[in-house]
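To start, the structure under review is shown below, and the notes come after it.
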Amino acid sequence: MLRWQEMREAAIDFLDRFGEDAVALGWTATDLFGVHPTVGVVRVDYCGGLMINARRVEAIGDTWIRYGNQTFRRDRLGRPVGVPVWEVGR
């Protein structure tokens, strides 16, 4: 439960600080909040940038999000596309 709370807080922080930039850079709900449609975050290959970990984002670019020494890249070449986390189980 704690992990979801931390992920939620990190996502809210991201939206507050980088939300407008993310929209301008073309980030989608799936790019940010994507998860596997039936098993959620268990399949990391389906996860969006804010569903990978519970760390706060430090910077955003047109194809990457940086959290400390980790970087999420949204290039989707051959990568499966999930659904936004709020649609799991629908």
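Letters for chains follow the order of the structure tokens (A, B, ...), residue numbers begin at 1 for each chain, and ligand numbers begin at 1 in the order shown.
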
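By chain and then residue number, the residues within 12 Å of A:Leu15 are Arg8, Glu9, Ala10, Glu20, Asp21, Ala22, Val23, Trp27, Ala29, Leu32, Phe33, Leu50, Arg56, Val57 and Ile60 of chain A, counting only C-alpha atoms and disregarding those fewer than 5 positions away in sequence.
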
Dump N, CA and C atoms for the selected residues as a tab-separated table (two decimals), in the first residue's frame?
chain	number	residue	atom	x	y	z
A	8	ARG	N	1.50	7.73	-6.12
A	8	ARG	CA	0.46	8.75	-6.28
A	8	ARG	C	1.03	10.13	-5.97
A	9	GLU	N	1.75	10.25	-4.86
A	9	GLU	CA	2.34	11.54	-4.48
A	9	GLU	C	3.36	12.00	-5.53
A	10	ALA	N	4.17	11.09	-6.05
A	10	ALA	CA	5.15	11.45	-7.08
A	10	ALA	C	4.44	11.88	-8.36
A	20	GLU	N	2.16	20.85	-17.68
A	20	GLU	CA	2.03	21.66	-18.89
A	20	GLU	C	3.15	21.35	-19.88
A	21	ASP	N	4.36	21.17	-19.38
A	21	ASP	CA	5.47	20.81	-20.26
A	21	ASP	C	5.23	19.45	-20.91
A	22	ALA	N	4.72	18.50	-20.14
A	22	ALA	CA	4.47	17.16	-20.67
A	22	ALA	C	3.47	17.21	-21.82
A	23	VAL	N	2.40	17.98	-21.65
A	23	VAL	CA	1.41	18.14	-22.71
A	23	VAL	C	2.06	18.77	-23.94
A	27	TRP	N	3.52	14.11	-24.43
A	27	TRP	CA	3.36	12.93	-23.57
A	27	TRP	C	1.87	12.62	-23.43
A	29	ALA	N	-1.41	10.05	-21.74
A	29	ALA	CA	-1.76	9.38	-20.48
A	29	ALA	C	-1.08	8.00	-20.41
A	32	LEU	N	2.64	8.15	-19.62
A	32	LEU	CA	2.91	8.47	-18.22
A	32	LEU	C	2.33	7.47	-17.23
A	33	PHE	N	1.09	7.05	-17.45
A	33	PHE	CA	0.37	6.24	-16.48
A	33	PHE	C	0.04	4.84	-16.97
A	50	LEU	N	5.56	7.22	-15.13
A	50	LEU	CA	5.25	7.47	-13.72
A	50	LEU	C	4.84	6.21	-12.98
A	56	ARG	N	10.31	10.88	-7.28
A	56	ARG	CA	9.89	12.15	-7.89
A	56	ARG	C	10.74	12.45	-9.11
A	57	VAL	N	10.10	12.97	-10.13
A	57	VAL	CA	10.77	13.31	-11.38
A	57	VAL	C	11.59	14.58	-11.17
A	60	ILE	N	12.28	16.57	-17.39
A	60	ILE	CA	11.53	15.93	-18.48
A	60	ILE	C	12.02	16.50	-19.81

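Omitting A:Ile52 and its sequence neighbours fewer than 4 positions away, and counting only C-alpha atoms, the residues within 9 Å are Met7, Val41, Val44, Cys47, Gly48 and Phe72 of chain A.
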
Legend entry - Residue set, chain A restricted to alpha helix (DSSP H), as a PyMOL selection string: chain A and resi 2-24+29-33

Inset, instruction - Just the strand (DSSP E or B) stuff from chain A, please, per backbone DSSP, written as JSON, numbers by chain. - result: {"A": [34, 35, 36, 40, 59, 60, 64, 65, 66, 67, 70, 71, 72, 73, 83, 84]}

Legend entry - Exercise: A:Asp75 partners within 10 Å, only C-alpha atoms, chain neighbours under 5 positions left out, as JSON, numbers by chain: {"A": [31, 63, 64]}

Serialized selection, all heavy atoms, as a CSV table (one decimal), in the first residue's frame:
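The new file result.csv reads:
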chain,number,residue,atom,x,y,z
A,31,ASP,N,1.7,7.1,-22.0
A,31,ASP,CA,3.1,7.3,-21.8
A,31,ASP,C,3.5,7.5,-20.4
A,31,ASP,O,4.6,7.1,-19.9
A,31,ASP,CB,3.6,8.5,-22.6
A,31,ASP,CG,3.6,8.4,-24.1
A,31,ASP,OD1,3.7,7.3,-24.6
A,31,ASP,OD2,3.5,9.5,-24.7
A,63,THR,N,11.5,12.9,-25.0
A,63,THR,CA,11.4,11.5,-25.1
A,63,THR,C,11.9,10.8,-23.8
A,63,THR,O,12.1,9.6,-23.8
A,63,THR,CB,12.3,10.9,-26.2
A,63,THR,OG1,13.6,11.3,-26.1
A,63,THR,CG2,11.7,11.4,-27.6
A,64,TRP,N,12.1,11.6,-22.8
A,64,TRP,CA,12.7,11.0,-21.5
A,64,TRP,C,12.2,11.7,-20.3
A,64,TRP,O,11.7,12.9,-20.3
A,64,TRP,CB,14.2,11.0,-21.5
A,64,TRP,CG,14.8,12.4,-21.8
A,64,TRP,CD1,15.1,12.9,-23.0
A,64,TRP,CD2,15.0,13.4,-20.8
A,64,TRP,NE1,15.5,14.2,-22.9
A,64,TRP,CE2,15.5,14.5,-21.5
A,64,TRP,CE3,14.9,13.5,-19.5
A,64,TRP,CZ2,15.8,15.7,-20.9
A,64,TRP,CZ3,15.2,14.7,-18.8
A,64,TRP,CH2,15.7,15.8,-19.5

Inset, instruction - Find the residue from A:Met51, A:Ala11, A:Gly89, A:Asp45 that sits nearest to A:Leu77; use only C-alpha atoms when measuring. - result: A:Asp45

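Nearest residue to A:Arg66 among A:Phe14, A:Gln5, A:His36, A:Gly82 is A:Phe14, counting only C-alpha atoms.
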
Inset, instruction - Just the residues within 6 Å of A:Val83, please, counting only C-alpha atoms, with nothing from its chain fewer than 5 positions along; format it as a ChimeraX atom specification. - result: /A:30,34-35,37

Just N, CA and C atoms for this one: save the residues we selected as a CSV table (one decimal), in the first residue's frame.
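As a result, part-v2.csv now contains:
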chain,number,residue,atom,x,y,z
A,30,THR,N,-1.1,7.3,-21.5
A,30,THR,CA,-0.4,6.0,-21.6
A,30,THR,C,1.1,6.1,-21.4
A,34,GLY,N,0.7,4.4,-18.1
A,34,GLY,CA,0.3,3.1,-18.7
A,34,GLY,C,0.8,2.0,-17.8
A,35,VAL,N,-0.1,0.9,-17.8
A,35,VAL,CA,0.2,-0.4,-17.2
A,35,VAL,C,-0.4,-1.5,-18.0
A,37,PRO,N,-3.0,-4.2,-19.1
A,37,PRO,CA,-4.4,-4.1,-18.9
A,37,PRO,C,-5.0,-5.1,-17.9

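Straight-line separation from atom CA of A:Gly61 to atom CA of A:Glu6: 22.7 Å.
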
Legend entry - Using only C-alpha atoms: which of A:Tyr46, A:Leu25, A:Asn53, A:Arg3 has the shortest distance to A:Gly78: A:Tyr46

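Counting from atom CA of A:Arg74, the distance to atom CA of A:Arg17 is 19.1 Å.
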
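A straight line drawn from atom CA of A:Asp62 to atom CA of A:Val39 is 28.1 Å long.
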